[in-house]
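Engineer: Could you have a look at this structure, given as structure tokens, before my questions?
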Amino acid sequence: MDIRRTVLLMIFSFSLLMLWNNWQVHQGKTPLFGVNPAATASKETAASAQAGASSGVPSMPVTPVAGAPANPTVPGNAPGAAAQTVSVKTDVLRLTFDLQGAQLVGADLLLFPSSDDKSAPEVLLQRDKTRTYVVQSGLTGAPPEAPFPSHLAPFTLVSDALELTGDALVVKFASEAGGVRLIKTFTLHRGSYAIDVDHHIENLSDQPVSPFVYLQITRDGFIPAAANAAPSFFSGPAAFVGAAVYSEQSKFEKVTFTDIEKHKASYIKQADNGWFAMVQHYFVTAWVPPQGKSRTYEVAELQKDLFAVRSLEPVGAVNPGNNVTIRSKLWLGPQDQNSLEALAPGLELVVDYGMLTIIAKPLFALMTWLHGMLGNWGWTIIALTCLIKAAFYPLSAASYRSMAKMKQVGPRMQVLKEKFGDDRQKLNAAMMEMYRTEKINPLGGCLPIVIQIPVFISLYYVLLSSVELRDAPWIFWVQDLATRDPYFILPAIMMGTMFLQMKLNPTPPDPVQAKVMMFMPLVFGGMMFFFPSGLVLYWCVNNILSIAQQWYITQKMAKLAATPHR
């Protein structure tokens with residue numbers, strides 16, 4: 001019993017600490033377990049504003065691919081004051097191109113309402129006085145006096161259509177410099193966030209040229225304000241904002257902005273496969289260069305609070321009058337696991353569940369299947385809870401039988417307490433002997449909870465990481481299962497069901513332990529005020545099913561105990 005009391009006291013102490021941490025965050029103060037996201041966002045916004053809206057990239061040596069004929073650098077400087085832009089629209093995207101470099105300087109996700117203003121679309125790419133998040137590409141490898149067309153060169157729009165009317169929209173930009181003509185072609189598809197990007201290179205000079213194609217994502221260090229569902233101490237992998245590089249050799253590698261600043265970034269530098277991206281909660285921007293062609297990856301700090309991740313690929317020699325086309329893919333949109341996986345191997349890993357991926361991914365797959373039948377994520381969570389409860393039924397039943405036996409021997413336990421008084425050693429020895437004789441496991445009641453903790457945390461990561469559950473309603477007041485209950489009704493129900501469950505359990509013989517157990521519903525209920533309502537819904541349904549199961553088993557055992565043995 002001393003072990004059980006110690007475990008409960010540890011849980012109680014940890015819960016109080018977590019509750020205090022959440023209260024600190026709720027009051028806008030510094031949390032105990034990291035940086036306040038709101039404070040970080042404010043700091044980064046100020047830094048971005050100070051840096052200005054520069055979309056240029058300072059010159060920086062780029063390690064060439066082995067055997068390359070030159071040591072190219074990605075050019076960069078501040079853009080001109082009067083930017084000329086072109087707006088393009090499909091059924092899911094509204095894109096803004098700057099004719100300087102044919103850069104993508106704006107991307108609105110039309111099917112996803114903004115977290116700040118539900119009447120406006122979510123903004124992914126942006127370039128203004130407070131934010132810099134752009135997609136760039138171009139050619140390098142030419143002499144400084146005659147550079148090739150880069151993301152700083154003037155481009156002209158050479159296509160007519162700017163709005164999707166059929167199944168695909170083709171937008172072309174052209175630029176000529178250094179004896180080379182570069183045509184960038186962006187092909188957008190109906191209902192898709194994947195964009196086909198072709199770099200068509202024509203040698204107009206009388207000499208062979210050997211350019212490099214670079215693909216680049218440039219972003220400031222701004223951390224988007226997290227949905228008000230996630231306590232800062234438990235936000236998990238979904239809170240990651242930064243760069244990512246994937247290759248078959250090194251798999252999925254995340255690079256934080258802090259590591260880039262401190263020159264501690266670790267990632268593969270050369271590969272002939274994979275992709276790179278900028279990742280944030282729910283959304284991702286990713287370049288998928290041509291597969292099977294050797295390229296260099298680089299993640300760098302361009303200036304204070306401005307970072308870039310890019311690839312550099314040698315085109316090879318292009319003879320006079322000849323041309324070559326480099327085909328790549330670009331993703332601008334939500335972290336849709338199925339679509340990302342179809343676009344490139346490993347791209348679905350941007351939906352990161354951390355160490356619990358082995359549990360979280362099957363959970364999400366099961367939820368997706370259930371949602372296909374039910375059509376509502378709230379009912380999906382309820383159905384999932386029932387299935388999980390059914391899977392754990394044998395374990396839970398054994399636990400409840402053990403607790404029912406403990407309740408039956410309660411009078412005998414009271415007699416032992418009166419017999420041994422304050423002699424704790426003899427009392428514990430007598431109680432353990434009684435448990436052994438009656439085949440009671442005093443820790444049996446804790447086992448189902450311990451077993452379900454990984455499932456609970458995995459479901460938390462799924463709810464917090466899956467864009468499918470963003471703004472997903474259930475019924476009535478619950479209009480977003482990924483954020484906390486606005487009226488705290490579900491946490492109140494959870495506390496009530498926990499109290500009822502406590503009443504069904506045997507009263508601990510230790511008064512201190514009994515008091516700790518009575519406080520547990522308040523502590524856990526208080527913590528649930530800050531968790532996603534979908535997770536609290538899972539716990540409420542789980543409690544209700546547990547109460548029904550425990551009541552049934554207790555009544556059944558009471559009848560068996562009352563039946564005279566023959």
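Letters A, B, ... mark the chains of the structure tokens in the order given; residue numbers begin at 1 per chain; ligand numbers begin at 1, in order shown.
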Residues of region 167-260 of chain A classed as helix (DSSP H, G or I) by DSSP on the backbone are to be reported as an MDAnalysis selection string.
Structural biologist: chainID A and resid 232:234 236:239 257:260
Engineer: For the residues in the current selection, export N, CA and C atoms as a compact mmCIF listing (two decimals), in the first residue's frame.
Structural biologist:
```txt
# COMPACT_ATOMS: atom_id res chain seq x y z
N SER A 232 1.05 24.68 -23.15
CA SER A 232 2.40 24.81 -23.69
C SER A 232 3.29 23.66 -23.28
N PHE A 233 3.08 23.07 -22.09
CA PHE A 233 3.97 22.02 -21.64
C PHE A 233 3.74 20.71 -22.38
N PHE A 234 2.63 20.60 -23.13
CA PHE A 234 2.24 19.32 -23.70
C PHE A 234 1.90 19.46 -25.17
N GLY A 236 3.75 19.12 -27.80
CA GLY A 236 4.25 18.00 -28.57
C GLY A 236 4.82 18.40 -29.92
N PRO A 237 5.00 17.42 -30.81
CA PRO A 237 5.62 17.69 -32.11
C PRO A 237 4.85 18.68 -32.96
N ALA A 238 3.53 18.80 -32.75
CA ALA A 238 2.73 19.71 -33.57
C ALA A 238 3.17 21.16 -33.42
N ALA A 239 3.86 21.48 -32.32
CA ALA A 239 4.28 22.85 -32.09
C ALA A 239 5.50 23.24 -32.92
N PHE A 257 14.85 26.97 -36.07
CA PHE A 257 15.47 28.26 -36.35
C PHE A 257 16.59 28.55 -35.36
N THR A 258 16.42 28.11 -34.12
CA THR A 258 17.47 28.31 -33.11
C THR A 258 18.74 27.58 -33.49
N ASP A 259 18.62 26.35 -33.97
CA ASP A 259 19.80 25.60 -34.40
C ASP A 259 20.48 26.27 -35.59
N ILE A 260 19.67 26.85 -36.48
CA ILE A 260 20.25 27.55 -37.63
C ILE A 260 21.05 28.77 -37.14
```
Engineer: Name the residues in contact with Ser533 (chain A) at a cut-off of 9 Å, using only C-alpha atoms, excluding same-chain residues fewer than 2 positions from it; report them as number ranges by chain.
Structural biologist: A: 229, 478, 480-486, 488, 490-491, 528-531, 535-538
Engineer: Restricting the output to N, CA and C atoms, write the selected residues as a tab-separated table (two decimals), in the first residue's frame.
Structural biologist:
```
chain	number	residue	atom	x	y	z
A	229	ALA	N	-6.09	25.53	-27.84
A	229	ALA	CA	-6.35	24.21	-27.27
A	229	ALA	C	-5.16	23.66	-26.51
A	478	VAL	N	-19.89	22.82	-29.25
A	478	VAL	CA	-18.56	22.37	-29.65
A	478	VAL	C	-18.45	22.51	-31.18
A	480	ASP	N	-15.34	23.33	-32.66
A	480	ASP	CA	-13.97	23.05	-33.07
A	480	ASP	C	-13.37	22.06	-32.08
A	481	LEU	N	-13.28	20.81	-32.51
A	481	LEU	CA	-12.78	19.75	-31.64
A	481	LEU	C	-11.30	19.87	-31.35
A	482	ALA	N	-10.58	20.70	-32.11
A	482	ALA	CA	-9.14	20.86	-31.91
A	482	ALA	C	-8.81	21.96	-30.91
A	483	THR	N	-9.84	22.68	-30.43
A	483	THR	CA	-9.61	23.72	-29.42
A	483	THR	C	-10.40	23.39	-28.16
A	484	ARG	N	-10.12	24.09	-27.09
A	484	ARG	CA	-10.76	23.78	-25.82
A	484	ARG	C	-12.24	24.16	-25.84
A	485	ASP	N	-12.98	23.51	-24.97
A	485	ASP	CA	-14.42	23.75	-24.83
A	485	ASP	C	-14.64	25.20	-24.40
A	486	PRO	N	-15.34	26.01	-25.20
A	486	PRO	CA	-15.49	27.43	-24.85
A	486	PRO	C	-16.28	27.66	-23.56
A	488	PHE	N	-16.56	25.12	-21.12
A	488	PHE	CA	-16.03	24.17	-20.13
A	488	PHE	C	-17.08	23.16	-19.67
A	490	LEU	N	-17.70	20.11	-21.15
A	490	LEU	CA	-17.12	18.78	-21.18
A	490	LEU	C	-16.16	18.54	-20.00
A	491	PRO	N	-15.29	19.50	-19.64
A	491	PRO	CA	-14.47	19.28	-18.44
A	491	PRO	C	-15.31	19.10	-17.18
A	528	MET	N	-8.10	19.63	-17.86
A	528	MET	CA	-8.85	19.46	-19.10
A	528	MET	C	-9.47	20.76	-19.61
A	529	PHE	N	-9.49	21.81	-18.77
A	529	PHE	CA	-9.97	23.10	-19.23
A	529	PHE	C	-9.11	23.62	-20.39
A	530	PHE	N	-7.85	23.15	-20.47
A	530	PHE	CA	-6.91	23.67	-21.44
A	530	PHE	C	-6.67	22.73	-22.61
A	531	PHE	N	-7.31	21.56	-22.60
A	531	PHE	CA	-7.06	20.57	-23.63
A	531	PHE	C	-8.12	20.66	-24.73
A	535	LEU	N	-10.41	15.75	-27.14
A	535	LEU	CA	-9.75	14.87	-26.19
A	535	LEU	C	-10.58	14.72	-24.91
A	536	VAL	N	-11.18	15.80	-24.46
A	536	VAL	CA	-12.03	15.73	-23.26
A	536	VAL	C	-13.27	14.89	-23.57
A	537	LEU	N	-13.79	15.00	-24.79
A	537	LEU	CA	-14.92	14.17	-25.20
A	537	LEU	C	-14.54	12.69	-25.11
A	538	TYR	N	-13.35	12.35	-25.58
A	538	TYR	CA	-12.88	10.96	-25.48
A	538	TYR	C	-12.85	10.51	-24.02
```
Engineer: Where in region 221-419 of chain A does DSSP assign strand (DSSP E or B), given as a PyMOL selection string?
Structural biologist: chain A and resi 242-247+251-256+270-271+275-280+283-288+295-303+306-314+318+323-334
Engineer: Save out the residues we just selected, C-alpha atoms, as an mmCIF file, in the first residue's frame.
Structural biologist:
```cif
data_model
loop_
_atom_site.group_PDB
_atom_site.id
_atom_site.type_symbol
_atom_site.label_atom_id
_atom_site.label_comp_id
_atom_site.auth_asym_id
_atom_site.auth_seq_id
_atom_site.Cartn_x
_atom_site.Cartn_y
_atom_site.Cartn_z
ATOM 1 C CA GLY A 242 11.039 25.385 -38.883
ATOM 2 C CA ALA A 243 12.758 23.707 -41.811
ATOM 3 C CA ALA A 244 12.750 20.021 -42.722
ATOM 4 C CA VAL A 245 14.813 17.948 -45.141
ATOM 5 C CA TYR A 246 14.038 14.396 -46.224
ATOM 6 C CA SER A 247 16.187 11.848 -48.022
ATOM 7 C CA LYS A 251 14.952 10.128 -43.546
ATOM 8 C CA PHE A 252 13.008 12.985 -41.932
ATOM 9 C CA GLU A 253 15.237 15.665 -40.385
ATOM 10 C CA LYS A 254 13.826 18.731 -38.624
ATOM 11 C CA VAL A 255 15.881 21.894 -38.267
ATOM 12 C CA THR A 256 14.820 24.578 -35.792
ATOM 13 C CA GLN A 270 23.894 16.040 -50.684
ATOM 14 C CA ALA A 271 21.428 13.546 -52.143
ATOM 15 C CA TRP A 275 12.461 17.023 -50.635
ATOM 16 C CA PHE A 276 12.711 20.044 -48.321
ATOM 17 C CA ALA A 277 10.102 22.186 -46.621
ATOM 18 C CA MET A 278 9.110 24.881 -44.166
ATOM 19 C CA VAL A 279 6.737 23.411 -41.601
ATOM 20 C CA GLN A 280 4.281 25.031 -39.225
ATOM 21 C CA PHE A 283 0.396 23.711 -42.959
ATOM 22 C CA VAL A 284 3.536 23.172 -45.002
ATOM 23 C CA THR A 285 5.390 24.584 -47.986
ATOM 24 C CA ALA A 286 7.541 21.999 -49.731
ATOM 25 C CA TRP A 287 9.723 21.737 -52.833
ATOM 26 C CA VAL A 288 10.159 18.308 -54.445
ATOM 27 C CA ARG A 295 21.697 18.134 -55.685
ATOM 28 C CA THR A 296 22.928 20.063 -52.642
ATOM 29 C CA TYR A 297 20.667 20.938 -49.719
ATOM 30 C CA GLU A 298 21.330 23.963 -47.537
ATOM 31 C CA VAL A 299 19.622 25.592 -44.565
ATOM 32 C CA ALA A 300 20.952 29.036 -43.679
ATOM 33 C CA GLU A 301 20.307 32.257 -41.776
ATOM 34 C CA LEU A 302 20.262 35.011 -44.383
ATOM 35 C CA GLN A 303 20.021 37.894 -41.951
ATOM 36 C CA LEU A 306 15.318 35.508 -41.886
ATOM 37 C CA PHE A 307 16.008 31.906 -42.872
ATOM 38 C CA ALA A 308 16.150 29.893 -46.086
ATOM 39 C CA VAL A 309 16.084 26.228 -47.019
ATOM 40 C CA ARG A 310 17.039 25.389 -50.597
ATOM 41 C CA SER A 311 18.366 22.920 -53.106
ATOM 42 C CA LEU A 312 20.969 23.541 -55.803
ATOM 43 C CA GLU A 313 21.091 21.258 -58.822
ATOM 44 C CA PRO A 314 23.540 21.352 -61.748
ATOM 45 C CA VAL A 318 23.649 23.357 -72.561
ATOM 46 C CA ASN A 323 17.377 23.898 -74.308
ATOM 47 C CA VAL A 324 16.595 21.779 -71.257
ATOM 48 C CA THR A 325 13.664 21.587 -68.851
ATOM 49 C CA ILE A 326 13.939 20.857 -65.107
ATOM 50 C CA ARG A 327 10.635 19.615 -63.650
ATOM 51 C CA SER A 328 9.853 20.048 -59.958
ATOM 52 C CA LYS A 329 6.805 20.020 -57.732
ATOM 53 C CA LEU A 330 5.694 22.555 -55.141
ATOM 54 C CA TRP A 331 3.193 22.046 -52.317
ATOM 55 C CA LEU A 332 1.457 25.020 -50.729
ATOM 56 C CA GLY A 333 -1.237 23.960 -48.324
ATOM 57 C CA PRO A 334 -2.471 21.826 -45.461
#
```
Engineer: Find the spatial neighbours of Ala429 (chain A), counting only C-alpha atoms, within a cut-off of 12 Å - ignore same-chain residues fewer than 4 positions away - and output them as a list in words.
Structural biologist: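 Close residues of Ala429 (chain A): Met1, Asp2, Met413, Leu416, Lys417, Phe420, Asp423, Arg424, Gln425, Glu433, Met434, Tyr435 and Arg436 of chain A.
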Engineer: Could you check the closest approach to Gln84 (chain A) for each of A:Tyr393, A:Phe155, A:Phe476, A:Trp379 and tell me which residue wins, using only C-alpha atoms?
Structural biologist: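 For Gln84 (chain A), the nearest of the given residues is A:Phe155.
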Engineer: Report, in Å to a single decimal, how far apart CA of Gln216 (chain A) and CA of Ser192 (chain A) are.
Structural biologist: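 Taking CA of Ser192 (chain A) and CA of Gln216 (chain A), their separation equals 21.0 Å.
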Engineer: Residues at most 7 Å from region 501-503 of chain A, counting only C-alpha atoms, excluding those fewer than 3 positions away in the same chain, as a list in words?
Structural biologist: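 Once the nearby chain positions are removed, what remains is Thr497, Met498 and Ile547 of chain A.
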Engineer: Using the selection just defined, write its residues with C-alpha atoms as a PDB file, in the first residue's frame.
Structural biologist:
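New file result.pdb:
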```
ATOM      1  CA  THR A 497     -17.967  11.200 -14.015  1.00  0.00           C
ATOM      2  CA  MET A 498     -14.635  10.918 -12.216  1.00  0.00           C
ATOM      3  CA  ILE A 547     -18.764   3.442 -14.886  1.00  0.00           C
TER       4      ILE A 547
END
```
